[in-house]
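Visitor: My questions all concern the structure below.
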Amino acid sequence: MKRTHVIAGIVIAGGLTMSGCATGDVPAKDAPKIAQSSGGKLSGEIKIWSWDVAAKALQRMAPAFEKAHPGVKVQVVDIGYDNAYDKITVGLKSGSGLPDVITLEDARIPGYVENFPGGLVDLSGVAGKYKADFDQAKWAAATSGKALFALPWDSAPVGLFYRRDYFKQAGVDPESVVTWDDAVKAGEKVKQVTGKRLFVSDLTTADMFTTLLQQLGQGYFKDGKVAVNSPAAVKALTLLKTLKDKDLLQNEKGWDGRVTATKQGKAATQPTAAWWSGTLTGEMPELSGKFGVIPLPAFDANGVRTSANGGSALAVTSQTKNREAAWAFVQWLLTDKDNQVSMMRTEALFPAYLPALSNPLFDEAQPYFGGQRVNRLFADEVRNIPPVELTGDDAQAQEVLKKAVSGSLLDGDDPKAVLDEAAARIASATKRPLAQ
């Protein structure tokens with residue numbers, strides 16, 4: 001799902017702690033576990049909270065699970081995105097009111113694990129055997145210490161969507177865009193010929209900076225230490241400043257701004273996740289045939305050509321009264337190739353479950369993209385998404401980084417200087433040491 005960035009966090013009531021991190025060494029305390037299934041007949045009711053297309057997918061799939069397990073009733077409640085995390089936070093804080101299973105975006109997991117130890121069930125005992133079958137970046141996001149607190153659902157590999165007509169008009173071969181240096185040169189040529197900037201970005205946020213940072217294999221923290229001024233971070237922000245200085249960034253506010261600018265044809269490309277396909281086909285059908293997709297340009301000739309932007313997972317809450325049935329549903333939904341393919345085909349939820357990606361669905365030509373097999377491109381890149389460290393302090397760090405990024409891009413401040421200042425502020429606020 002596309003609502004938040006993969007490293008965007010959450011400020012949880014009760015403050016932030018540094019008790020652990022998604023790829024760190026400190027396990028969450030007092031987490032209940034699920035024993036291996038008894039193999040007995042499942043019965044009773046389980047309730048699931050979700051929203052938007054995820055809720056629609058759950059509602060559509062639930063009857064098949066009920067048919068396979070006649071003694072179980074599955075109730076899916078669409079709680080709406082706007083209030084979802086308020087409700088989840090209140091339930092974790094009070095210790096009551098939560099359903100058996102909740103949908104969580106990847107970036108929300110570490111904060112809940114750290115601030116409410118024992119609030120989510122440790123799934124590692126029953127799910128550990130599936131580790132190699134999932135997008136490793138998402139597996140890392142759901143992990144604290146040796147415990148797994150959610151099972152990955154949809155993935156969000158990033159590529160570069162481009163306007164075929166603008167590239168053709170400018171005489172730019174999209175396959176020649178292999179590195180970000182290539183992209184800058186292509187952007188200059190496209191702008192010179194067509195007047196269109198390279199891509200749309202909200203320069204008051206740290207979203208694109210974060211995507212680039214993950215492409216370089218890093219999050220805001222490294223081994224629990226503040227790393228927002230690392231060489232990788234400086235490299236990411238310097239690229240964005242180069243693009244801004246060359247007038248290649250179309251600055252638009254928020255999600256609506258990006259959609260509107262794309263619809264109006266203001267930019268030649270958009271570096272974003274696989275779910276953007278659904279936005280294009282759903283909101284801009286009149287632009288059918290005008291888009292293509294290539295892998296994200298690399299920082300170096302042989303570098304990683306993808307990142308992540310979004311994605312969600314399913315977690316079992318410790319308040320469940322039917323732990324075995326709750327896990328059985330999660331396992332059934334997310335470790336079954338046919339189920340994952342069904343949700344991809346109907347709700348466009350791109351599977352984090354790697355075995356599903358071999359399905360012929362991902363090799364189908366897509367008319368909207370000029371017959372290109374766009375889903376195969378993204379499926380091939382999922383395995384290359386760099387896992388990064390997530391913590392409960394990511395939200396606090398991101399708020400500080402908004403000022404640093406906008407200062408560099410809008411006010412011309414030096415990338416290294418603003419990131420050094422941001423690192424010092426984050427270290428002071430979180431009581432974490434600076435990475436060396």
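Ligands are numbered from 1 in the order shown, residues from 1 within each chain, and chains are lettered A, B, ... in the order they appear in the structure tokens.
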Can you list every residue in stretch 16-163 of chain A that DSSP puts in strand (DSSP E or B), as a ChimeraX atom specification?
Guide: /A:21,33,44-50,72-78,101-105,120,122,134,143-144,147-148,151-152,154,157-163
Visitor: Per residue of stretch 358-414 of chain A within 12 Å of stretch 309-317 of chain A, which atom pair is closest and at what distance in Å (one decimal), using only C-alpha atoms, listed by chain and increasing number, as CSV?
Guide:
```
residue,atom,partner,partner_atom,distance
A:Val382,CA,A:Asn309,CA,11.7
A:Ile385,CA,A:Asn309,CA,10.3
A:Pro386,CA,A:Asn309,CA,11.8
```
Visitor: Which is closest to A:Lys67 among A:Ser406, A:Leu243, A:Thr194, A:Leu42, if we use only C-alpha atoms?
Guide: A:Leu42
Visitor: One decimal, in Å: what's the spacing between atom CA of A:Ala232 and atom CA of A:Gln136?
Guide: 20.6 Å
Visitor: Which one is closest to A:Lys41: A:Gly71, A:Lys337, A:Lys93, A:Glu66? Count only C-alpha atoms.
Guide: A:Gly71
Visitor: What does the structure give for the distance between atom CA of A:Ile426 and atom CA of A:Asp223, in Å to one decimal?
Guide: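 Spanning atom CA of A:Ile426 to atom CA of A:Asp223 is a straight-line distance of 15.0 Å.
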Visitor: Work out how far apart atom CA of A:Ile88 and atom CA of A:Ala397 are and give it in Å to one decimal.
Guide: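 Atom-to-atom, atom CA of A:Ile88 and atom CA of A:Ala397 are spaced 22.0 Å apart.
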Visitor: If we count only C-alpha atoms and set the cut-off at 12 Å, which residues sit around A:Leu98, ignoring sequence neighbours fewer than 3 positions away in its own chain? Please answer as an mmCIF file with all heavy atoms, in the first residue's frame.
Guide:
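The result, stored in around_22.cif:
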```
data_model
loop_
_atom_site.group_PDB
_atom_site.id
_atom_site.type_symbol
_atom_site.label_atom_id
_atom_site.label_comp_id
_atom_site.auth_asym_id
_atom_site.auth_seq_id
_atom_site.Cartn_x
_atom_site.Cartn_y
_atom_site.Cartn_z
ATOM 1 N N ILE A 46 -12.464 -14.763 14.516
ATOM 2 C CA ILE A 46 -11.324 -13.856 14.557
ATOM 3 C C ILE A 46 -11.727 -12.559 13.867
ATOM 4 O O ILE A 46 -12.464 -12.557 12.883
ATOM 5 C CB ILE A 46 -10.060 -14.442 13.893
ATOM 6 C CG1 ILE A 46 -10.325 -14.860 12.448
ATOM 7 C CG2 ILE A 46 -9.507 -15.592 14.691
ATOM 8 C CD1 ILE A 46 -9.058 -15.257 11.696
ATOM 9 N N LYS A 47 -11.258 -11.461 14.429
ATOM 10 C CA LYS A 47 -11.554 -10.140 13.872
ATOM 11 C C LYS A 47 -10.254 -9.534 13.355
ATOM 12 O O LYS A 47 -9.200 -9.650 13.981
ATOM 13 C CB LYS A 47 -12.181 -9.240 14.933
ATOM 14 C CG LYS A 47 -12.547 -7.839 14.415
ATOM 15 C CD LYS A 47 -13.107 -6.958 15.512
ATOM 16 C CE LYS A 47 -14.476 -7.402 15.960
ATOM 17 N NZ LYS A 47 -15.090 -6.425 16.915
ATOM 18 N N ILE A 48 -10.358 -8.864 12.202
ATOM 19 C CA ILE A 48 -9.192 -8.257 11.572
ATOM 20 C C ILE A 48 -9.488 -6.796 11.268
ATOM 21 O O ILE A 48 -10.551 -6.457 10.758
ATOM 22 C CB ILE A 48 -8.834 -8.979 10.251
ATOM 23 C CG1 ILE A 48 -8.649 -10.474 10.498
ATOM 24 C CG2 ILE A 48 -7.574 -8.380 9.626
ATOM 25 C CD1 ILE A 48 -8.507 -11.287 9.230
ATOM 26 N N TRP A 49 -8.519 -5.925 11.585
ATOM 27 C CA TRP A 49 -8.632 -4.512 11.233
ATOM 28 C C TRP A 49 -7.750 -4.223 10.028
ATOM 29 O O TRP A 49 -6.582 -4.631 9.968
ATOM 30 C CB TRP A 49 -8.166 -3.632 12.391
ATOM 31 C CG TRP A 49 -9.160 -3.450 13.487
ATOM 32 C CD1 TRP A 49 -10.399 -3.996 13.585
ATOM 33 C CD2 TRP A 49 -8.976 -2.656 14.662
ATOM 34 N NE1 TRP A 49 -11.012 -3.591 14.741
ATOM 35 C CE2 TRP A 49 -10.160 -2.768 15.426
ATOM 36 C CE3 TRP A 49 -7.942 -1.867 15.149
ATOM 37 C CZ2 TRP A 49 -10.321 -2.121 16.650
ATOM 38 C CZ3 TRP A 49 -8.088 -1.219 16.358
ATOM 39 C CH2 TRP A 49 -9.273 -1.333 17.113
ATOM 40 N N SER A 50 -8.303 -3.465 9.082
ATOM 41 C CA SER A 50 -7.522 -3.038 7.932
ATOM 42 C C SER A 50 -8.202 -1.829 7.324
ATOM 43 O O SER A 50 -9.099 -1.235 7.932
ATOM 44 C CB SER A 50 -7.385 -4.185 6.925
ATOM 45 O OG SER A 50 -6.385 -3.902 5.971
ATOM 46 N N VAL A 77 -12.903 -5.681 9.476
ATOM 47 C CA VAL A 77 -13.432 -4.347 9.732
ATOM 48 C C VAL A 77 -12.529 -3.317 9.056
ATOM 49 O O VAL A 77 -11.325 -3.258 9.329
ATOM 50 C CB VAL A 77 -13.508 -4.047 11.242
ATOM 51 C CG1 VAL A 77 -14.089 -2.657 11.478
ATOM 52 C CG2 VAL A 77 -14.340 -5.109 11.958
ATOM 53 N N ILE A 79 -11.353 0.011 9.178
ATOM 54 C CA ILE A 79 -11.370 1.076 10.186
ATOM 55 C C ILE A 79 -10.953 2.426 9.598
ATOM 56 O O ILE A 79 -10.923 3.430 10.309
ATOM 57 C CB ILE A 79 -10.468 0.739 11.399
ATOM 58 C CG1 ILE A 79 -9.019 0.495 10.957
ATOM 59 C CG2 ILE A 79 -11.019 -0.460 12.155
ATOM 60 C CD1 ILE A 79 -8.051 0.316 12.130
ATOM 61 N N ALA A 84 -6.715 4.874 11.794
ATOM 62 C CA ALA A 84 -6.251 3.516 12.089
ATOM 63 C C ALA A 84 -5.216 3.483 13.202
ATOM 64 O O ALA A 84 -5.347 2.728 14.178
ATOM 65 C CB ALA A 84 -5.682 2.882 10.825
ATOM 66 N N TYR A 85 -4.189 4.300 13.087
ATOM 67 C CA TYR A 85 -3.097 4.192 14.055
ATOM 68 C C TYR A 85 -3.439 4.816 15.410
ATOM 69 O O TYR A 85 -2.894 4.413 16.437
ATOM 70 C CB TYR A 85 -1.813 4.755 13.460
ATOM 71 C CG TYR A 85 -1.306 3.859 12.352
ATOM 72 C CD1 TYR A 85 -1.349 4.270 11.026
ATOM 73 C CD2 TYR A 85 -0.851 2.574 12.629
ATOM 74 C CE1 TYR A 85 -0.927 3.422 10.013
ATOM 75 C CE2 TYR A 85 -0.428 1.728 11.618
ATOM 76 C CZ TYR A 85 -0.467 2.157 10.314
ATOM 77 O OH TYR A 85 -0.050 1.319 9.312
ATOM 78 N N ASP A 86 -4.361 5.775 15.413
ATOM 79 C CA ASP A 86 -4.858 6.269 16.692
ATOM 80 C C ASP A 86 -5.553 5.134 17.450
ATOM 81 O O ASP A 86 -5.331 4.932 18.650
ATOM 82 C CB ASP A 86 -5.842 7.422 16.486
ATOM 83 C CG ASP A 86 -5.154 8.697 16.023
ATOM 84 O OD1 ASP A 86 -3.924 8.811 16.218
ATOM 85 O OD2 ASP A 86 -5.842 9.568 15.458
ATOM 86 N N LYS A 87 -6.386 4.375 16.735
ATOM 87 C CA LYS A 87 -7.123 3.279 17.367
ATOM 88 C C LYS A 87 -6.174 2.172 17.828
ATOM 89 O O LYS A 87 -6.328 1.611 18.922
ATOM 90 C CB LYS A 87 -8.150 2.708 16.388
ATOM 91 C CG LYS A 87 -9.289 3.656 16.056
ATOM 92 C CD LYS A 87 -10.267 3.025 15.071
ATOM 93 C CE LYS A 87 -11.417 3.967 14.767
ATOM 94 N NZ LYS A 87 -12.375 3.390 13.790
ATOM 95 N N ILE A 88 -5.198 1.851 16.996
ATOM 96 C CA ILE A 88 -4.249 0.798 17.359
ATOM 97 C C ILE A 88 -3.416 1.226 18.562
ATOM 98 O O ILE A 88 -3.193 0.447 19.497
ATOM 99 C CB ILE A 88 -3.351 0.458 16.161
ATOM 100 C CG1 ILE A 88 -4.186 -0.229 15.068
ATOM 101 C CG2 ILE A 88 -2.197 -0.451 16.583
ATOM 102 C CD1 ILE A 88 -3.463 -0.385 13.744
ATOM 103 N N THR A 89 -2.965 2.475 18.564
ATOM 104 C CA THR A 89 -2.152 2.967 19.675
ATOM 105 C C THR A 89 -2.938 2.955 20.974
ATOM 106 O O THR A 89 -2.431 2.525 22.025
ATOM 107 C CB THR A 89 -1.662 4.398 19.372
ATOM 108 O OG1 THR A 89 -0.882 4.384 18.174
ATOM 109 C CG2 THR A 89 -0.806 4.929 20.515
ATOM 110 N N VAL A 90 -4.181 3.422 20.926
ATOM 111 C CA VAL A 90 -5.021 3.417 22.135
ATOM 112 C C VAL A 90 -5.209 1.992 22.642
ATOM 113 O O VAL A 90 -5.125 1.723 23.843
ATOM 114 C CB VAL A 90 -6.384 4.075 21.842
ATOM 115 C CG1 VAL A 90 -7.359 3.823 22.992
ATOM 116 C CG2 VAL A 90 -6.218 5.582 21.631
ATOM 117 N N GLY A 91 -5.449 1.058 21.716
ATOM 118 C CA GLY A 91 -5.649 -0.330 22.116
ATOM 119 C C GLY A 91 -4.415 -0.938 22.749
ATOM 120 O O GLY A 91 -4.499 -1.676 23.741
ATOM 121 N N LEU A 92 -3.241 -0.640 22.201
ATOM 122 C CA LEU A 92 -1.998 -1.166 22.774
ATOM 123 C C LEU A 92 -1.714 -0.531 24.136
ATOM 124 O O LEU A 92 -1.267 -1.201 25.065
ATOM 125 C CB LEU A 92 -0.836 -0.908 21.817
ATOM 126 C CG LEU A 92 -0.793 -1.790 20.569
ATOM 127 C CD1 LEU A 92 0.222 -1.253 19.567
ATOM 128 C CD2 LEU A 92 -0.463 -3.234 20.950
ATOM 129 N N LYS A 93 -1.979 0.752 24.240
ATOM 130 C CA LYS A 93 -1.696 1.459 25.492
ATOM 131 C C LYS A 93 -2.625 1.012 26.619
ATOM 132 O O LYS A 93 -2.199 0.848 27.769
ATOM 133 C CB LYS A 93 -1.830 2.963 25.269
ATOM 134 C CG LYS A 93 -1.302 3.807 26.424
ATOM 135 C CD LYS A 93 -1.296 5.279 26.049
ATOM 136 C CE LYS A 93 -0.672 6.104 27.175
ATOM 137 N NZ LYS A 93 -0.665 7.552 26.839
ATOM 138 N N SER A 94 -3.898 0.788 26.283
ATOM 139 C CA SER A 94 -4.867 0.398 27.305
ATOM 140 C C SER A 94 -4.860 -1.097 27.579
ATOM 141 O O SER A 94 -5.357 -1.552 28.610
ATOM 142 C CB SER A 94 -6.270 0.820 26.874
ATOM 143 O OG SER A 94 -6.684 0.086 25.729
ATOM 144 N N GLY A 95 -4.318 -1.859 26.638
ATOM 145 C CA GLY A 95 -4.306 -3.311 26.804
ATOM 146 C C GLY A 95 -5.640 -3.962 26.492
ATOM 147 O O GLY A 95 -5.864 -5.119 26.847
ATOM 148 N N VAL A 101 -6.139 -9.685 14.670
ATOM 149 C CA VAL A 101 -5.123 -9.401 13.650
ATOM 150 C C VAL A 101 -5.251 -7.953 13.211
ATOM 151 O O VAL A 101 -6.362 -7.439 13.057
ATOM 152 C CB VAL A 101 -5.301 -10.334 12.428
ATOM 153 C CG1 VAL A 101 -4.282 -10.004 11.334
ATOM 154 C CG2 VAL A 101 -5.175 -11.802 12.844
ATOM 155 N N ILE A 102 -4.103 -7.291 13.016
ATOM 156 C CA ILE A 102 -4.119 -5.910 12.531
ATOM 157 C C ILE A 102 -3.177 -5.767 11.341
ATOM 158 O O ILE A 102 -2.158 -6.449 11.251
ATOM 159 C CB ILE A 102 -3.719 -4.892 13.621
ATOM 160 C CG1 ILE A 102 -2.371 -5.251 14.259
ATOM 161 C CG2 ILE A 102 -4.808 -4.772 14.673
ATOM 162 C CD1 ILE A 102 -1.878 -4.222 15.276
ATOM 163 N N THR A 103 -3.547 -4.876 10.440
ATOM 164 C CA THR A 103 -2.673 -4.499 9.342
ATOM 165 C C THR A 103 -1.753 -3.393 9.830
ATOM 166 O O THR A 103 -2.202 -2.452 10.489
ATOM 167 C CB THR A 103 -3.490 -3.984 8.145
ATOM 168 O OG1 THR A 103 -4.413 -4.991 7.733
ATOM 169 C CG2 THR A 103 -2.587 -3.611 6.985
ATOM 170 N N GLY A 119 2.775 -6.276 23.204
ATOM 171 C CA GLY A 119 1.521 -5.937 22.538
ATOM 172 C C GLY A 119 1.251 -6.758 21.293
ATOM 173 O O GLY A 119 0.105 -6.967 20.922
ATOM 174 N N LEU A 120 2.336 -7.216 20.650
ATOM 175 C CA LEU A 120 2.213 -8.032 19.451
ATOM 176 C C LEU A 120 2.832 -9.398 19.702
ATOM 177 O O LEU A 120 3.787 -9.528 20.471
ATOM 178 C CB LEU A 120 2.915 -7.361 18.267
ATOM 179 C CG LEU A 120 2.427 -5.967 17.875
ATOM 180 C CD1 LEU A 120 3.266 -5.416 16.723
ATOM 181 C CD2 LEU A 120 0.948 -5.993 17.492
ATOM 182 N N ALA A 315 -0.114 -8.502 11.613
ATOM 183 C CA ALA A 315 0.387 -8.853 12.939
ATOM 184 C C ALA A 315 -0.739 -9.434 13.781
ATOM 185 O O ALA A 315 -1.900 -9.032 13.645
ATOM 186 C CB ALA A 315 0.963 -7.614 13.635
ATOM 187 N N VAL A 316 -0.401 -10.365 14.657
ATOM 188 C CA VAL A 316 -1.353 -10.939 15.613
ATOM 189 C C VAL A 316 -1.166 -10.206 16.931
ATOM 190 O O VAL A 316 -0.047 -10.098 17.438
ATOM 191 C CB VAL A 316 -1.122 -12.447 15.793
ATOM 192 C CG1 VAL A 316 -2.078 -13.018 16.841
ATOM 193 C CG2 VAL A 316 -1.294 -13.183 14.463
ATOM 194 N N THR A 317 -2.233 -9.676 17.486
ATOM 195 C CA THR A 317 -2.111 -8.937 18.743
ATOM 196 C C THR A 317 -2.156 -9.893 19.930
ATOM 197 O O THR A 317 -2.754 -10.972 19.853
ATOM 198 C CB THR A 317 -3.241 -7.903 18.900
ATOM 199 O OG1 THR A 317 -4.470 -8.570 19.238
ATOM 200 C CG2 THR A 317 -3.432 -7.106 17.613
ATOM 201 N N SER A 318 -1.542 -9.474 21.018
ATOM 202 C CA SER A 318 -1.534 -10.314 22.220
ATOM 203 C C SER A 318 -2.901 -10.353 22.883
ATOM 204 O O SER A 318 -3.135 -11.161 23.786
ATOM 205 C CB SER A 318 -0.498 -9.786 23.216
ATOM 206 O OG SER A 318 -0.811 -8.469 23.620
ATOM 207 N N GLN A 319 -3.829 -9.497 22.424
ATOM 208 C CA GLN A 319 -5.175 -9.490 22.995
ATOM 209 C C GLN A 319 -6.088 -10.546 22.376
ATOM 210 O O GLN A 319 -7.232 -10.712 22.802
ATOM 211 C CB GLN A 319 -5.794 -8.098 22.824
ATOM 212 C CG GLN A 319 -5.049 -7.014 23.603
ATOM 213 C CD GLN A 319 -5.602 -5.626 23.361
ATOM 214 O OE1 GLN A 319 -6.792 -5.449 23.100
ATOM 215 N NE2 GLN A 319 -4.738 -4.620 23.445
ATOM 216 N N THR A 320 -5.595 -11.260 21.382
ATOM 217 C CA THR A 320 -6.416 -12.275 20.737
ATOM 218 C C THR A 320 -6.805 -13.375 21.716
ATOM 219 O O THR A 320 -6.012 -13.777 22.566
ATOM 220 C CB THR A 320 -5.686 -12.898 19.529
ATOM 221 O OG1 THR A 320 -6.517 -13.911 18.963
ATOM 222 C CG2 THR A 320 -4.365 -13.526 19.937
ATOM 223 N N LYS A 321 -7.999 -13.856 21.577
ATOM 224 C CA LYS A 321 -8.467 -14.987 22.374
ATOM 225 C C LYS A 321 -8.447 -16.268 21.528
ATOM 226 O O LYS A 321 -8.864 -17.328 21.986
ATOM 227 C CB LYS A 321 -9.904 -14.729 22.873
ATOM 228 C CG LYS A 321 -10.029 -13.535 23.803
ATOM 229 C CD LYS A 321 -9.275 -13.767 25.119
ATOM 230 C CE LYS A 321 -9.631 -12.700 26.150
ATOM 231 N NZ LYS A 321 -9.128 -11.364 25.792
#
```
Visitor: Please report, as a ChimeraX atom specification, each residue of stretch 207-395 of chain A to which DSSP assigns helix (DSSP H, G or I) when run on this structure's backbone.
Guide: /A:207-215,231-245,254-263,276-283,285-287,323-334,337-347,354-358,360-363,367-369,374-382,394-395
Visitor: Need the shell around A:Pro433: protein/DNA/RNA residues with any atom at most 12 Å away, counting only C-alpha atoms. Skip same-chain ones fewer than 3 positions apart. Format as an MDAnalysis selection string?
Guide: chainID A and resid 18 221:228 423:430 436
Visitor: Choose the residue, out of A:Tyr353, A:Trp255, A:Thr211, A:Phe116, that has the smallest atom-to-atom separation from A:Ala132; count only C-alpha atoms.
Guide: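 Among the listed residues, A:Tyr353 lies closest to A:Ala132.
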Visitor: Using only C-alpha atoms, determine which residues lie at most 9 Å from stretch 378-380 of chain A, disregarding the query and same-chain residues fewer than 5 positions distant; provide the list as a list in words.
Guide: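 In the requested format, the answer is Ala156, Pro157, Val158, Gly159, Ala273, Ala274, Pro295, Thr306, Phe350, Pro351, Leu354, Leu357, Ser358 and Phe362 of chain A.
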Visitor: Taking only C-alpha atoms into account, which of A:Ala62, A:Ala170, A:Ala365, A:Leu249 comes nearest A:Gln192?
Guide: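 The answer is A:Ala170, which sits nearest to A:Gln192.
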Visitor: When you count only C-alpha atoms, which of these residues is closest to A:Asp207: A:Trp275, A:Tyr166, A:Gly195, A:Leu240?
Guide: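 Closest candidate: A:Leu240.
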Visitor: Can you list, as a ChimeraX atom specification, every protein, DNA or RNA residue that comes within 12 Å of stretch 218-220 of chain A when you count only C-alpha atoms, leaving out same-chain residues fewer than 6 positions away?
Guide: /A:5-9,21-23,107,137,140-141,206,209-212,226-236,307-308,385-401,419,422-423,426-427,432,434-435
Visitor: Please determine, counting only C-alpha atoms, which residue among A:Gly292, A:Gly371, A:Gly412, A:Pro70 has the shortest atom-to-atom distance to A:Lys168.
Guide: A:Gly292
Visitor: Can you list, as number ranges by chain, every protein, DNA or RNA residue that comes within 12 Å of A:Gly407 when you count only C-alpha atoms, leaving out same-chain residues fewer than 3 positions away?
Guide: A: 203-206, 237, 240-241, 244, 400-404, 410-419, 421-422
